[in-house]
Amino acid sequence: MTERTLDKVEMEKVVSLCKRRGFIFPSSEIYGGLGSFWDYGPLGVELKRNVREAWWRAMVQERDDVVGLDAAILMHPQTWVASGHVEGFTDPLVECKACHQRWRDDMVPDGVCPACGGEITEPRMFNLMFKTFVGPVEREAAVVYLRPETAQGIFVNFANVLNSTRSKLPFGIAQTGKAFRNEITPGNFIFRTREFEQMEMEFFVKPGSDEEWFQYWVNERFEWYAGLGIRRDNLRLRQHAPDELAHYARGCYDVEYLFPMGWSELGVIANRGDFDLGQHARSSGQNLTSFDEESGEHIVPYVIEPSAGVDRSLLAFLVDAYDEEPDKNGTRTVLHFHPALAPIKVAVLPLSRNEKLAPLSREVYAGVRKEFRTQFDDAQSIGRRYRRQDEIGTPLSVTVDFQSLEDNMVTIRERDSMKQIRVPIPTLNVILSAKLGREPMEVLPEGGIYWAGFE
Ligand code: ATP
């Protein structure tokens with residue numbers, strides 16, 4: 001793990017870097033923006049994809065017991081009656097009697113308006129689901145909701161997945177996708193927004209084995225963040241107290257991260273018992289059970305639900321990666337992204353724009369980009385270009401210089417250590433692969449390769 005110079009990062013610095021370098025922009029900014037909606041720019045979209053893909057790899061690709069799903073955002077409205085959202089997906093809303101700003105009750109701990117100090121009203125319950133209409137008629141019968149979570153798409157497809165894959169308990173169904181909540185008090189950049197993306201998995205187990213699986217998933221989810229480079233000191237688990245739990249929940253942990261505004265929820269793992277499948281079975285009249293060969297009975301599985309936000313995870317990865325290091329030119333701003341998350345893996349940087357270097361530089365670029373997300377940059381001094389790549393978290397830069405024309409070798413420079421090694425162009429991709437941690441081999445300081453097990 002790389003040491004950091006900064007031990008605390010202000011959110012404004014991250015927001016400003018995101019805007020400046022094209023990670024995240026305010027939504028529809030030319031019209032003044034739309035409060036707490038954000039657009040992902042050229043680097044942001046790569047980073048977001050990498051976060052989602054790292055999750056999918058850990059939850060689906062590398063497992064035998066989880067399959068994927070991509071359900072529609074708009075679902076039959078009865079879904080949200082059965083799930084309890086129509087009745088209970090509410091937050092207590094209070095309003096300032098003086099300035100009329102609205103707040104979620106727990107955001108006004110002293111009972112006065114945080115904006116103007118005015119008196120506030122008694123709380124009333126406010127449903128967070130966005131409503132819209134399906135078809136050409138705007139009437140009550142055509143009301144549907146933008147899903148406030150992806151999980152229900154999984155529960156309503158339980159029987160379809162079970163029958164089409166012939167899965168046996170325990171098994172899981174994973175899904176990533178957009179969710180919408182009309183949050184009363186969004187904020188803290190992309191931490192709490194009204195449109196966001198979730199990564200959820202419902203893991204169905206035999207009743208009685210749920211506690212063990214619950215502990216397993218709590219540990220897995222915590223380790224996922226640590227494995228992608230988040231410092232362990234900035235991560236913690238918080239167990240929900242019994243009075244915080246929903247009536248059906250048998251246990252719940254938050255994975256928390258030390259964000260600039262303090263410890264806050266990154267993701268959550270819940271043991272939901274048989275509540276969801278039970279509700280949908282009763283409400284739809286369908287059979288949502290799994291046949292247990294051991295007992296010869298049809299059982300309603302219990303479910304363990306690890307849920308996390310793509311945007312919130314991305315924010316934690318950004319904040320944790322951000323650093324400012326003193327160097328001979330002042331300060332080096334660097335994002336120490338894990339190679340799997342870095343939006344650009346390799347930069348190809350010809351030493352100069354001299355036309356003699358151009359053909360070989362382009363050739364090297366063409367070879368590297370076939371395997372890695374690569375950026376080509378030949379504008380300004382090489383030092384400045386290194387700094388630009390450090391600031392967007394590119395792990396490796398490849399420099400083509402005049403010597404390269406003689407010896408067919410190039411220089412690889414590492415973002416974190418700033419160390420450089422010289423390697424033959426024909427071995428470049430293999431060495432880049434090893435350095436990005438994709439191959440089980442080591443690169444020796446002189447540019448040779450060491451394959452473990454071939455002594
Ligand atoms: P909170 O209590 O903070 O409103 P929650 O406990 O209701 O959130 P969940 O329903 O458990 O949140 O949602 C699961 C995950 O989805 C959260 O851990 C978070 O990562 C993400 N998430 C939820 N709401 C938002 C939001 N408004 N903006 C961004 N991400 C969100």
# chains A, B, ... in the order shown; residues from 1 in each chain; ligands from 1
$ residues_around --residues "Asn163 in chain A" --least-positions-apart "2" --cutoff "12 Å" --atoms "only C-alpha atoms" --output "JSON, numbers by chain"
{"A": [157, 158, 159, 160, 161, 165, 166, 167, 168, 287, 288, 289, 290, 291]}
$ residues_around --residues "range 364-375 of chain A" --least-positions-apart "6" --cutoff "7 Å" --atoms "only C-alpha atoms" --output "list in words"
Ile344, Lys345, Val346, Ala347, Val348 and Asn429 of chain A
$ write_last_selection --atoms "N, CA, C and O atoms" --output "compact mmCIF listing (two decimals), in the first residue's frame"
# COMPACT_ATOMS: atom_id res chain seq x y z
N ILE A 344 -7.53 5.32 -16.86
CA ILE A 344 -6.53 5.09 -17.91
C ILE A 344 -5.43 4.25 -17.29
O ILE A 344 -4.92 4.58 -16.22
N LYS A 345 -5.07 3.15 -17.96
CA LYS A 345 -4.06 2.25 -17.37
C LYS A 345 -2.65 2.67 -17.76
O LYS A 345 -1.72 2.54 -16.97
N VAL A 346 -2.50 3.11 -19.03
CA VAL A 346 -1.16 3.40 -19.54
C VAL A 346 -1.21 4.70 -20.36
O VAL A 346 -2.14 4.91 -21.13
N ALA A 347 -0.19 5.54 -20.17
CA ALA A 347 -0.05 6.72 -21.04
C ALA A 347 1.17 6.50 -21.92
O ALA A 347 2.21 6.05 -21.43
N VAL A 348 1.04 6.79 -23.21
CA VAL A 348 2.20 6.73 -24.10
C VAL A 348 2.63 8.16 -24.39
O VAL A 348 1.85 8.97 -24.91
N ASN A 429 3.93 -5.21 -23.62
CA ASN A 429 2.59 -5.51 -23.11
C ASN A 429 2.62 -6.53 -21.98
O ASN A 429 1.85 -6.43 -21.01
$ select_by_dssp --residues "range 96-302 of chain A" --states "helix (DSSP H, G or I)" --output "PyMOL selection string"
chain A and resi 105-107+140-142+151-155+158-165+210-227+232-234+242-244+275-284
$ atom_distance --atom1 "CA of Glu305 in chain A" --atom2 "CA of Asn271 in chain A"
6.4 Å
$ residues_around --residues "range 48-55 of chain A" --least-positions-apart "4" --cutoff "6 Å" --atoms "only C-alpha atoms" --output "ChimeraX atom specification"
/A:44,59,341
$ residues_around --residues "Leu17 in chain A" --least-positions-apart "5" --cutoff "10 Å" --atoms "only C-alpha atoms" --output "ChimeraX atom specification"
/A:12,22-24,322,333,391-392
$ residues_near_ligand --ligand "ligand 1" --cutoff "9 Å" --atoms "only C-alpha atoms and all ligand atoms" --output "MDAnalysis selection string"
chainID A and resid 89 91 148:149 179:183 185:187 190:200 254:256 264:270 306:313
$ closest_residue --among "A:Lys8, A:Arg353, A:His100, A:Arg272" --to "His247 in chain A" --atoms "only C-alpha atoms"
A:Arg272
$ atom_distance --atom1 "CA of Trp217 in chain A" --atom2 "CA of Leu258 in chain A"
21.0 Å
